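File shown: entry-v1.cif. Contents: mmCIF, C-alpha atoms.
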```cif
data_final
#
loop_
_atom_site.label_atom_id
_atom_site.label_comp_id
_atom_site.auth_asym_id
_atom_site.auth_seq_id
_atom_site.Cartn_x
_atom_site.Cartn_y
_atom_site.Cartn_z
CA MET G 506 63.44 5.62 45.36
CA LYS G 507 64.19 9.17 46.39
CA LEU G 508 62.33 10.76 43.45
CA LEU G 509 59.08 9.08 44.50
CA GLU G 510 59.58 9.72 48.22
CA ASP G 511 60.24 13.40 47.56
CA ARG G 512 57.14 13.60 45.41
CA ILE G 513 55.00 11.95 48.09
CA ARG G 514 56.34 14.44 50.66
CA ARG G 515 55.63 17.35 48.31
CA ASP G 516 52.32 16.44 46.68
CA GLY G 517 50.88 13.65 48.80
CA THR G 518 48.30 14.33 51.50
CA VAL G 519 47.85 12.42 54.72
CA LYS G 520 44.26 11.99 55.84
CA PRO G 521 42.96 10.60 59.12
CA GLY G 522 42.74 6.80 59.19
CA ASN G 523 46.17 6.28 57.62
CA VAL G 524 44.93 7.35 54.19
CA LEU G 525 47.69 8.60 51.90
CA LYS G 526 46.32 10.51 48.93
CA VAL G 527 48.62 10.60 45.90
CA ASP G 528 45.97 11.39 43.32
CA ALA G 529 47.89 14.47 42.15
CA PHE G 530 50.53 12.31 40.43
CA LEU G 531 49.80 8.59 40.74
CA ASN G 532 46.19 7.42 40.63
CA HIS G 533 43.87 10.11 39.29
CA GLN G 534 46.24 12.58 37.69
CA CYS G 535 49.30 10.73 36.35
CA ASP G 536 52.83 12.13 36.04
CA VAL G 537 54.12 10.05 33.14
CA ALA G 538 57.72 11.28 33.51
CA LEU G 539 57.64 9.95 37.07
CA PHE G 540 56.11 6.69 35.80
CA ASP G 541 58.97 6.43 33.34
CA ALA G 542 61.55 6.83 36.10
CA MET G 543 59.70 4.20 38.16
CA GLY G 544 59.76 1.81 35.20
CA ALA G 545 63.50 2.32 34.80
CA GLU G 546 64.02 1.63 38.51
CA TRP G 547 62.04 -1.62 38.40
CA ALA G 548 64.05 -2.66 35.33
CA ARG G 549 67.21 -2.10 37.39
CA LEU G 550 65.85 -3.93 40.46
CA PHE G 551 64.61 -6.91 38.43
CA ALA G 552 67.59 -7.03 36.04
CA GLY G 553 68.43 -10.56 34.97
CA LYS G 554 64.93 -11.89 35.59
CA ARG G 555 62.95 -13.29 32.70
CA VAL G 556 59.81 -11.21 32.21
CA ASP G 557 57.48 -12.35 29.43
CA LYS G 558 54.53 -10.28 30.53
CA ILE G 559 53.49 -7.65 33.06
CA VAL G 560 50.25 -8.28 34.95
CA THR G 561 48.41 -5.53 36.81
CA ILE G 562 44.87 -4.66 37.90
CA GLU G 563 42.57 -1.90 36.79
CA ALA G 564 42.48 1.00 37.07
CA SER G 565 45.44 2.68 38.77
CA GLY G 566 47.96 -0.02 37.88
CA ILE G 567 47.47 0.28 34.13
CA GLY G 568 49.33 3.49 33.36
CA ILE G 569 52.28 2.55 35.56
CA ALA G 570 52.46 -0.96 34.09
CA CYS G 571 52.20 0.21 30.46
CA ILE G 572 55.02 2.73 30.85
CA ALA G 573 57.11 0.22 32.86
CA ALA G 574 56.72 -2.32 30.04
CA ARG G 575 58.72 0.02 27.80
CA HIS G 576 61.69 -0.77 30.09
CA PHE G 577 61.16 -4.54 29.82
CA GLY G 578 61.48 -4.84 26.04
CA ASN G 579 57.86 -3.83 25.35
CA VAL G 580 56.42 -7.03 26.82
CA PRO G 581 52.61 -7.21 26.78
CA VAL G 582 50.69 -5.82 29.75
CA VAL G 583 47.60 -7.69 30.92
CA PHE G 584 45.31 -5.86 33.29
CA ALA G 585 42.90 -7.83 35.44
CA LYS G 586 39.33 -6.53 35.32
CA LYS G 587 37.09 -5.88 38.28
CA THR G 588 33.71 -6.10 36.58
CA GLN G 589 32.12 -8.59 34.25
CA SER G 590 31.23 -7.22 30.83
CA ILE G 591 29.74 -8.56 27.62
CA ASN G 592 33.21 -7.95 26.18
CA LEU G 593 34.64 -10.57 28.55
CA ASP G 594 33.79 -13.91 27.01
CA GLY G 595 35.51 -17.25 26.96
CA ASP G 596 37.24 -19.00 29.81
CA GLN G 597 38.44 -16.80 32.67
CA TYR G 598 40.53 -17.00 35.79
CA VAL G 599 38.47 -15.37 38.55
CA SER G 600 39.45 -14.53 42.09
CA SER G 601 37.60 -12.42 44.64
CA ILE G 602 38.98 -9.64 46.82
CA TYR G 603 37.74 -7.08 49.31
CA SER G 604 38.63 -3.43 48.75
CA PHE G 605 38.78 -1.15 51.76
CA THR G 606 38.82 1.97 49.60
CA LYS G 607 35.79 0.85 47.57
CA GLN G 608 34.27 -0.80 50.65
CA ARG G 609 33.00 -3.84 48.83
CA GLU G 610 33.96 -7.26 47.51
CA TYR G 611 34.71 -7.52 43.82
CA PRO G 612 36.00 -10.07 41.34
CA VAL G 613 39.43 -10.06 39.71
CA ILE G 614 39.17 -11.47 36.21
CA VAL G 615 41.73 -12.40 33.55
CA ALA G 616 40.79 -14.16 30.31
CA LYS G 617 42.58 -17.52 30.24
CA ARG G 618 44.06 -16.93 26.82
CA PHE G 619 46.17 -14.01 28.12
CA LEU G 620 47.94 -15.91 30.91
CA SER G 621 49.60 -19.24 30.21
CA THR G 622 51.36 -22.02 32.05
CA GLY G 623 55.09 -21.40 32.19
CA GLU G 624 54.86 -17.70 31.37
CA HIS G 625 57.18 -15.60 33.52
CA VAL G 626 55.37 -12.55 34.81
CA LEU G 627 56.08 -9.39 36.75
CA LEU G 628 53.18 -8.06 38.83
CA ILE G 629 52.90 -4.27 39.10
CA ASP G 630 50.53 -2.19 41.21
CA ASP G 631 50.36 1.30 42.63
CA PHE G 632 49.71 0.44 46.29
CA LEU G 633 50.37 -2.39 48.69
CA ALA G 634 48.68 -2.14 52.10
CA ASN G 635 46.84 -5.21 53.35
CA GLY G 636 47.71 -7.00 50.11
CA ASN G 637 44.19 -7.97 49.08
CA ALA G 638 44.45 -6.88 45.45
CA LEU G 639 47.87 -8.51 45.14
CA HIS G 640 46.56 -11.76 46.62
CA GLY G 641 43.93 -11.76 43.87
CA LEU G 642 46.58 -11.36 41.16
CA ILE G 643 48.86 -14.00 42.73
CA ASP G 644 45.92 -16.38 42.98
CA ILE G 645 45.12 -15.94 39.30
CA CYS G 646 48.78 -16.42 38.26
CA ASN G 647 49.00 -19.59 40.33
CA HIS G 648 45.83 -20.95 38.76
CA ALA G 649 47.29 -20.20 35.33
CA GLY G 650 50.59 -21.87 36.19
CA ALA G 651 52.47 -18.64 35.44
CA VAL G 652 55.80 -18.05 37.21
CA ILE G 653 55.81 -14.86 39.30
CA GLU G 654 59.33 -13.48 38.89
CA GLY G 655 58.73 -10.43 41.01
CA ILE G 656 56.28 -7.84 42.25
CA GLY G 657 56.84 -4.13 41.65
CA ILE G 658 54.91 -1.78 43.92
CA ALA G 659 54.98 2.00 43.81
CA ILE G 660 54.00 2.74 47.42
CA GLU G 661 53.91 0.18 50.21
CA LYS G 662 52.33 0.95 53.55
CA GLY G 663 55.00 -0.81 55.59
CA PHE G 664 52.98 -0.52 58.80
CA GLN G 665 50.27 -2.80 57.38
CA ASP G 666 51.11 -6.45 57.04
CA GLY G 667 50.38 -7.19 53.38
CA GLY G 668 54.00 -6.87 52.27
CA ARG G 669 55.40 -8.91 55.14
CA LYS G 670 53.02 -11.82 54.52
CA ILE G 671 53.66 -11.91 50.79
CA ARG G 672 57.45 -11.71 51.27
CA GLU G 673 57.22 -14.54 53.81
CA ALA G 674 55.43 -16.57 51.17
CA GLY G 675 58.61 -16.23 49.11
CA TYR G 676 57.76 -13.50 46.64
CA ASP G 677 60.33 -10.88 45.58
CA ILE G 678 58.55 -7.58 46.23
CA ARG G 679 60.29 -4.33 45.33
CA SER G 680 58.43 -1.29 46.60
CA LEU G 681 59.78 2.04 45.39
CA ALA G 682 58.64 3.86 48.54
CA ILE G 683 57.85 2.14 51.84
CA VAL G 684 55.90 4.34 54.22
CA THR G 685 56.67 3.45 57.85
CA ALA G 686 54.55 6.10 59.52
CA MET G 687 52.38 9.08 58.67
CA ASP G 688 50.67 11.76 60.64
CA ALA G 689 47.48 13.44 59.43
CA ARG G 690 47.88 16.26 61.95
CA THR G 691 51.36 17.37 60.87
CA GLY G 692 51.19 15.96 57.32
CA THR G 693 54.53 14.19 57.74
CA VAL G 694 55.37 10.90 56.02
CA ASP G 695 58.29 8.69 57.09
CA PHE G 696 59.91 6.15 54.81
CA ALA G 697 61.97 3.02 55.31
CA ARG G 698 65.59 3.51 54.28
CA SER G 699 65.89 3.34 50.49
CA GLU G 700 67.93 0.53 49.01
CA PRO G 701 71.65 1.38 49.13
CA THR G 702 72.05 1.42 45.35
CA ASP G 703 69.03 3.68 44.89
CA MET Y 460 46.48 4.24 10.58
CA LYS Y 461 47.50 1.16 8.66
CA LEU Y 462 49.38 -0.44 11.58
CA LEU Y 463 46.24 -0.44 13.73
CA GLU Y 464 43.94 -1.54 10.90
CA ASP Y 465 46.25 -4.45 10.09
CA ARG Y 466 46.33 -5.43 13.74
CA ILE Y 467 42.54 -5.34 14.02
CA ARG Y 468 42.28 -7.53 10.92
CA ARG Y 469 44.84 -9.97 12.31
CA ASP Y 470 43.99 -10.15 16.03
CA GLY Y 471 40.53 -8.63 16.34
CA THR Y 472 37.42 -10.80 16.48
CA VAL Y 473 33.98 -9.91 15.18
CA LYS Y 474 31.11 -11.16 17.30
CA PRO Y 475 27.39 -11.08 16.53
CA GLY Y 476 25.72 -7.77 17.40
CA ASN Y 477 28.49 -5.64 15.88
CA VAL Y 478 30.88 -6.42 18.73
CA LEU Y 479 34.55 -5.99 17.82
CA LYS Y 480 36.82 -7.65 20.33
CA VAL Y 481 40.33 -6.23 20.47
CA ASP Y 482 41.24 -7.47 23.93
CA ALA Y 483 44.35 -9.23 22.59
CA PHE Y 484 46.17 -5.91 22.08
CA LEU Y 485 44.05 -2.94 23.18
CA ASN Y 486 41.82 -3.31 26.21
CA HIS Y 487 42.70 -6.36 28.27
CA GLN Y 488 46.12 -7.33 27.00
CA CYS Y 489 47.98 -4.19 25.87
CA ASP Y 490 50.59 -3.97 23.12
CA VAL Y 491 52.63 -1.04 24.36
CA ALA Y 492 54.71 -0.77 21.17
CA LEU Y 493 51.45 -0.31 19.27
CA PHE Y 494 50.32 2.25 21.87
CA ASP Y 495 53.57 4.11 21.29
CA ALA Y 496 52.98 4.23 17.54
CA MET Y 497 49.43 5.45 18.17
CA GLY Y 498 50.73 8.19 20.44
CA ALA Y 499 53.19 9.29 17.77
CA GLU Y 500 50.38 9.38 15.20
CA TRP Y 501 48.14 11.54 17.41
CA ALA Y 502 51.09 13.86 18.01
CA ARG Y 503 51.39 14.21 14.23
CA LEU Y 504 47.65 14.71 13.70
CA PHE Y 505 47.34 17.30 16.48
CA ALA Y 506 50.65 19.04 15.74
CA GLY Y 507 50.50 22.77 16.48
CA LYS Y 508 47.70 22.45 19.01
CA ARG Y 509 48.29 23.49 22.58
CA VAL Y 510 47.86 20.48 24.84
CA ASP Y 511 48.29 21.12 28.58
CA LYS Y 512 46.75 17.87 29.69
CA ILE Y 513 45.33 14.60 28.37
CA VAL Y 514 41.97 13.51 29.77
CA THR Y 515 40.70 9.94 29.47
CA ILE Y 516 38.38 7.54 31.28
CA GLU Y 517 39.14 4.37 33.20
CA ALA Y 518 40.01 1.71 32.52
CA SER Y 519 40.95 1.03 28.89
CA GLY Y 520 41.84 4.62 28.07
CA ILE Y 521 44.56 4.90 30.71
CA GLY Y 522 47.38 2.91 29.15
CA ILE Y 523 46.87 4.49 25.74
CA ALA Y 524 46.69 7.99 27.21
CA CYS Y 525 49.77 7.56 29.43
CA ILE Y 526 51.94 6.35 26.56
CA ALA Y 527 50.49 9.02 24.22
CA ALA Y 528 51.42 11.70 26.78
CA ARG Y 529 55.08 10.84 26.20
CA HIS Y 530 54.58 12.27 22.68
CA PHE Y 531 53.02 15.49 23.99
CA GLY Y 532 55.91 16.63 26.17
CA ASN Y 533 54.96 14.42 29.13
CA VAL Y 534 51.84 16.44 29.93
CA PRO Y 535 49.81 15.11 32.89
CA VAL Y 536 47.11 12.52 32.21
CA VAL Y 537 43.88 12.72 34.18
CA PHE Y 538 41.63 9.71 34.07
CA ALA Y 539 37.97 10.09 34.95
CA LYS Y 540 36.72 7.53 37.47
CA LYS Y 541 33.58 5.47 37.20
CA THR Y 542 33.02 4.68 40.86
CA GLN Y 543 32.97 6.72 44.01
CA SER Y 544 35.63 5.82 46.56
CA ILE Y 545 36.77 7.09 49.93
CA ASN Y 546 39.91 8.17 48.09
CA LEU Y 547 37.82 10.63 46.06
CA ASP Y 548 37.21 13.58 48.29
CA GLY Y 549 36.81 17.29 47.69
CA ASP Y 550 34.84 18.96 44.94
CA GLN Y 551 34.17 16.91 41.83
CA TYR Y 552 32.83 17.29 38.33
CA VAL Y 553 30.31 14.49 37.86
CA SER Y 554 28.49 13.41 34.73
CA SER Y 555 26.43 10.28 34.14
CA ILE Y 556 26.61 7.90 31.18
CA TYR Y 557 25.11 4.62 30.06
CA SER Y 558 27.45 1.81 29.03
CA PHE Y 559 26.14 -0.77 26.59
CA THR Y 560 29.04 -3.12 27.31
CA LYS Y 561 28.53 -2.93 31.08
CA GLN Y 562 24.75 -2.64 30.62
CA ARG Y 563 24.27 -0.06 33.32
CA GLU Y 564 24.41 3.66 34.09
CA TYR Y 565 27.50 4.89 35.87
CA PRO Y 566 29.03 8.19 36.94
CA VAL Y 567 32.04 9.86 35.36
CA ILE Y 568 34.00 11.72 38.01
CA VAL Y 569 36.98 14.09 37.92
CA ALA Y 570 38.25 15.94 40.99
CA LYS Y 571 37.89 19.67 40.35
CA ARG Y 572 41.50 20.41 41.24
CA PHE Y 573 42.74 18.38 38.27
CA LEU Y 574 40.80 20.23 35.57
CA SER Y 575 40.86 24.02 35.40
CA THR Y 576 39.30 26.86 33.46
CA GLY Y 577 41.39 27.74 30.44
CA GLU Y 578 43.36 24.49 30.39
CA HIS Y 579 43.75 23.11 26.87
CA VAL Y 580 43.04 19.39 26.85
CA LEU Y 581 43.20 16.46 24.48
CA LEU Y 582 40.65 13.71 25.11
CA ILE Y 583 41.80 10.16 24.41
CA ASP Y 584 39.80 6.93 24.47
CA ASP Y 585 40.03 3.45 23.02
CA PHE Y 586 36.58 3.24 21.41
CA LEU Y 587 33.98 5.56 19.96
CA ALA Y 588 30.62 4.00 19.09
CA ASN Y 589 27.49 5.77 20.32
CA GLY Y 590 29.69 8.35 22.02
CA ASN Y 591 28.25 8.03 25.52
CA ALA Y 592 31.58 7.88 27.38
CA LEU Y 593 32.94 10.75 25.29
CA HIS Y 594 29.85 12.86 26.00
CA GLY Y 595 30.55 12.37 29.70
CA LEU Y 596 34.13 13.59 29.30
CA ILE Y 597 33.10 16.54 27.13
CA ASP Y 598 30.42 17.47 29.67
CA ILE Y 599 32.98 17.49 32.48
CA CYS Y 600 35.48 19.56 30.46
CA ASN Y 601 32.77 22.08 29.61
CA HIS Y 602 31.78 22.37 33.26
CA ALA Y 603 35.42 22.95 34.15
CA GLY Y 604 35.82 25.58 31.43
CA ALA Y 605 38.64 23.58 29.84
CA VAL Y 606 39.27 24.02 26.10
CA ILE Y 607 38.95 20.76 24.18
CA GLU Y 608 41.65 21.01 21.49
CA GLY Y 609 40.94 17.60 20.03
CA ILE Y 610 39.76 14.07 20.59
CA GLY Y 611 41.98 11.09 19.80
CA ILE Y 612 40.19 7.77 19.39
CA ALA Y 613 41.82 4.41 18.66
CA ILE Y 614 38.87 2.66 17.00
CA GLU Y 615 35.69 4.36 15.84
CA LYS Y 616 32.65 2.40 14.81
CA GLY Y 617 31.79 4.61 11.87
CA PHE Y 618 28.42 2.92 11.34
CA GLN Y 619 27.19 4.19 14.72
CA ASP Y 620 26.44 7.86 15.01
CA GLY Y 621 28.54 8.95 18.00
CA GLY Y 622 31.39 10.31 15.89
CA ARG Y 623 29.12 12.14 13.43
CA LYS Y 624 27.20 13.93 16.19
CA ILE Y 625 30.32 14.99 18.07
CA ARG Y 626 32.01 16.22 14.85
CA GLU Y 627 28.84 18.17 14.00
CA ALA Y 628 29.11 19.80 17.41
CA GLY Y 629 32.46 21.16 16.21
CA TYR Y 630 34.98 18.86 17.85
CA ASP Y 631 38.14 17.74 16.05
CA ILE Y 632 38.04 13.95 16.34
CA ARG Y 633 40.93 11.91 14.94
CA SER Y 634 40.20 8.19 14.95
CA LEU Y 635 43.14 5.98 14.02
CA ALA Y 636 40.88 3.27 12.58
CA ILE Y 637 37.29 3.85 11.46
CA VAL Y 638 35.33 0.63 11.00
CA THR Y 639 32.66 1.02 8.35
CA ALA Y 640 31.32 -2.53 8.40
CA MET Y 641 32.01 -5.88 9.96
CA ASP Y 642 30.70 -9.37 9.51
CA ALA Y 643 30.63 -11.90 12.35
CA ARG Y 644 30.04 -14.76 9.90
CA THR Y 645 33.12 -14.15 7.74
CA GLY Y 646 35.14 -12.27 10.36
CA THR Y 647 35.86 -9.43 7.93
CA VAL Y 648 36.29 -5.82 9.00
CA ASP Y 649 36.12 -2.90 6.55
CA PHE Y 650 37.70 0.48 7.24
CA ALA Y 651 37.13 4.01 5.99
CA ARG Y 652 39.99 5.22 3.80
CA SER Y 653 42.92 6.27 5.98
CA GLU Y 654 43.99 9.90 5.89
CA PRO Y 655 46.15 10.59 2.83
CA THR Y 656 49.25 11.47 4.85
CA ASP Y 657 48.93 8.34 6.97
#
```

In structure tokens, how does this file's structure come out?
Amino acid sequence: MKLLEDRIRRDGTVKPGNVLKVDAFLNHQCDVALFDAMGAEWARLFAGKRVDKIVTIEASGIGIACIAARHFGNVPVVFAKKTQSINLDGDQYVSSIYSFTKQREYPVIVAKRFLSTGEHVLLIDDFLANGNALHGLIDICNHAGAVIEGIGIAIEKGFQDGGRKIREAGYDIRSLAIVTAMDARTGTVDFARSEPTD
Amino acid sequence: MKLLEDRIRRDGTVKPGNVLKVDAFLNHQCDVALFDAMGAEWARLFAGKRVDKIVTIEASGIGIACIAARHFGNVPVVFAKKTQSINLDGDQYVSSIYSFTKQREYPVIVAKRFLSTGEHVLLIDDFLANGNALHGLIDICNHAGAVIEGIGIAIEKGFQDGGRKIREAGYDIRSLAIVTAMDARTGTVDFARSEPTD
């Protein structure tokens, strides 16, 4: 998606260690007009699929998923939680993932009553690198018996193997920008060729 | 706001200890059509105010704030973070708050480059009870020299004193539903009279 790639080139920052900072528009400060365009693009890419619900994970996925849902007939958005709370009662689906950015293991939790057998879901998240967070969401959906119709990712780090593994497992991942290389010294970011119809 | 009050009565659950669970539509599963109506209502209530940016706090505030921003000319949304991360670098505004639902102290963090002196901001959050989270956001805005034009809250627990204290400090809080009493035994929820023009 050219709009997102251009924005990454303009406002993203490459840091040593293959860190791509997009906090100016995606995951600390949020450009909601951009989110709206991303939602419209996912609606185009997943046209014809049945989507009963969008599932994402706190925190950065929530804004993107909520605005995207407006393009999928206002389906409910369920966001998985990463911490237990006295507000989380009742039966839960729980998976466990390791975050490299937070540098610790944490749970992924969805209350059972918000994810049901036979529900068709679209997973949305801001980043896909090694795929840990996504594995947690997929795990929870599989436990629930929900049907994963597709996975919408804003930015995929194509040089890490999360996307490849999950595609090989048969999931339909549509990443709006796939970074193939980046250079902290020059600040350049290269992208995989956008989809022809983009 | 009658739409929100009706929804709380229908899908909210009262638990012992004055806990109001609204995870079916507000803070675990999200009804984005409801969020859109809430955003439109805040736009009406804060009409004429200058809003350069919406500031909220992860995680439950994000979806509401992002959809509300669509009603304020697509202004940027900045969400304060509650955990340090290697993705958070550079200068930060940091405050510290105690969460009763998480039962621990945690930081509230906003990168300095996303909040500037003289910026006019609207604060948005899902709940106002004792006001701890909101105090953290206000503290950060004051440190930044941002002008708080108003505070939009989805559900205020009017029987706790957070709202009263913050109003007495001169802030313009507009809560879309103000709960005056609730009863875990009968499941009833009472609301303060809605604004006349609601």

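Between CA of Glu517 (chain Y) and CA of Ile568 (chain Y) lies a distance of 10.2 Å.
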
Per residue of chain G within 8 Å of chain Y, record the nearest atom pair and its distance in Å to one decimal, counting only C-alpha atoms, with rows in chain order and ascending residue number, as JSON lines.
```
{"residue": "G:Val524", "atom": "CA", "partner": "Y:Asn546", "partner_atom": "CA", "distance": 7.9}
{"residue": "G:Lys526", "atom": "CA", "partner": "Y:Asn546", "partner_atom": "CA", "distance": 6.9}
{"residue": "G:Ala529", "atom": "CA", "partner": "Y:Phe573", "partner_atom": "CA", "distance": 7.5}
{"residue": "G:His533", "atom": "CA", "partner": "Y:Phe538", "partner_atom": "CA", "distance": 5.7}
{"residue": "G:Gln534", "atom": "CA", "partner": "Y:Val537", "partner_atom": "CA", "distance": 4.2}
{"residue": "G:Cys535", "atom": "CA", "partner": "Y:Val536", "partner_atom": "CA", "distance": 5.0}
{"residue": "G:Asp536", "atom": "CA", "partner": "Y:Pro535", "partner_atom": "CA", "distance": 5.3}
{"residue": "G:Val537", "atom": "CA", "partner": "Y:Asn533", "partner_atom": "CA", "distance": 6.0}
{"residue": "G:Ala538", "atom": "CA", "partner": "Y:Asn533", "partner_atom": "CA", "distance": 6.1}
{"residue": "G:Glu563", "atom": "CA", "partner": "Y:Ala518", "partner_atom": "CA", "distance": 6.1}
{"residue": "G:Ala564", "atom": "CA", "partner": "Y:Ala518", "partner_atom": "CA", "distance": 5.2}
{"residue": "G:Ile567", "atom": "CA", "partner": "Y:Gly522", "partner_atom": "CA", "distance": 5.6}
{"residue": "G:Gly568", "atom": "CA", "partner": "Y:Gly522", "partner_atom": "CA", "distance": 4.7}
{"residue": "G:Cys571", "atom": "CA", "partner": "Y:Gly522", "partner_atom": "CA", "distance": 5.7}
{"residue": "G:Ile572", "atom": "CA", "partner": "Y:Ile526", "partner_atom": "CA", "distance": 6.4}
{"residue": "G:Ala574", "atom": "CA", "partner": "Y:Val491", "partner_atom": "CA", "distance": 7.1}
{"residue": "G:Arg575", "atom": "CA", "partner": "Y:Val491", "partner_atom": "CA", "distance": 7.1}
{"residue": "G:Asn579", "atom": "CA", "partner": "Y:Val491", "partner_atom": "CA", "distance": 6.0}
{"residue": "G:Val580", "atom": "CA", "partner": "Y:Val491", "partner_atom": "CA", "distance": 7.5}
{"residue": "G:Pro581", "atom": "CA", "partner": "Y:Asp490", "partner_atom": "CA", "distance": 5.3}
{"residue": "G:Val582", "atom": "CA", "partner": "Y:Cys489", "partner_atom": "CA", "distance": 5.0}
{"residue": "G:Val583", "atom": "CA", "partner": "Y:Gln488", "partner_atom": "CA", "distance": 4.2}
{"residue": "G:Phe584", "atom": "CA", "partner": "Y:His487", "partner_atom": "CA", "distance": 5.7}
{"residue": "G:Ala585", "atom": "CA", "partner": "Y:His487", "partner_atom": "CA", "distance": 7.3}
{"residue": "G:Lys586", "atom": "CA", "partner": "Y:His487", "partner_atom": "CA", "distance": 7.8}
{"residue": "G:Gln589", "atom": "CA", "partner": "Y:Lys561", "partner_atom": "CA", "distance": 7.4}
{"residue": "G:Ser590", "atom": "CA", "partner": "Y:Lys561", "partner_atom": "CA", "distance": 5.1}
{"residue": "G:Ile591", "atom": "CA", "partner": "Y:Thr560", "partner_atom": "CA", "distance": 5.5}
{"residue": "G:Asn592", "atom": "CA", "partner": "Y:Thr560", "partner_atom": "CA", "distance": 6.5}
{"residue": "G:Thr606", "atom": "CA", "partner": "Y:Ile545", "partner_atom": "CA", "distance": 5.5}
{"residue": "G:Lys607", "atom": "CA", "partner": "Y:Ser544", "partner_atom": "CA", "distance": 5.1}
{"residue": "G:Gln608", "atom": "CA", "partner": "Y:Ser544", "partner_atom": "CA", "distance": 7.9}
{"residue": "G:Phe619", "atom": "CA", "partner": "Y:Gln488", "partner_atom": "CA", "distance": 6.8}
```

What residues come out when you apply the PyMOL selection byres ((chain Y and resi 624-630) around 8) to this file, written as a list in words? Gly590, Ile607, Glu608, Gly609, Ile610, Asp620, Gly621, Gly622, Arg623, Asp631 and Ile632 of chain Y

Which one is closest to Asn591 (chain Y): Y:Arg509, Y:Arg503, Y:Arg652, Y:Arg563? Count all atoms listed in the file.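 Looking only at the distances to Asn591 (chain Y), the closest residue turns out to be Y:Arg563.
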
Find the smallest box with edges along x, y and z containing every listed atom of region 622-637 of chain G, then add 3 Å on each side and report centre and edge lengths in Å to one decimal, as lines of an AutoDock Vina configuration file.
```
center_x = 50.7
center_y = -10.4
center_z = 42.4
size_x = 19.0
size_y = 29.3
size_z = 28.0
```

Can you work out the spacing between CA of His602 (chain Y) and CA of Val567 (chain Y) in Å, to one decimal? 12.7 Å

So what do you get for CA of Gln597 (chain G) versus CA of His640 (chain G), distance-wise?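 So the two atoms, CA of Gln597 (chain G) and CA of His640 (chain G), lie 16.9 Å apart.
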
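Of the listed residues (G:Pro612, G:Lys617, G:Leu639, G:Ala689), G:Lys617 comes nearest to Asp596 (chain G); the distances count all atoms listed in the file.
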
What lies within 12 Å of Asp511 (chain G) using all atoms listed in the file, ignoring chain neighbours under 4 positions off, as a VMD selection string? chain G and resid 506 to 507 515 to 517 539 681 to 682 693 to 696 699

Nearest to Thr691 (chain G), chosen from G:Ile629, G:Leu508, G:Thr518, G:Gly544, with all atoms listed in the file counted in the distances: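 Looking only at the distances to Thr691 (chain G), the closest residue turns out to be G:Thr518.
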
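Protein and nucleic acid residues near (28.4, 2.6, 20.1) are Ala588, Asn589 and Gln619 of chain Y, the criterion being any atom at most 6 Å away using only C-alpha atoms.
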
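Taking only C-alpha atoms into account, Glu624 (chain G) lies nearest to G:Gly650 out of the set G:Gly641, G:Gly650, G:Gly553, G:Gly657.
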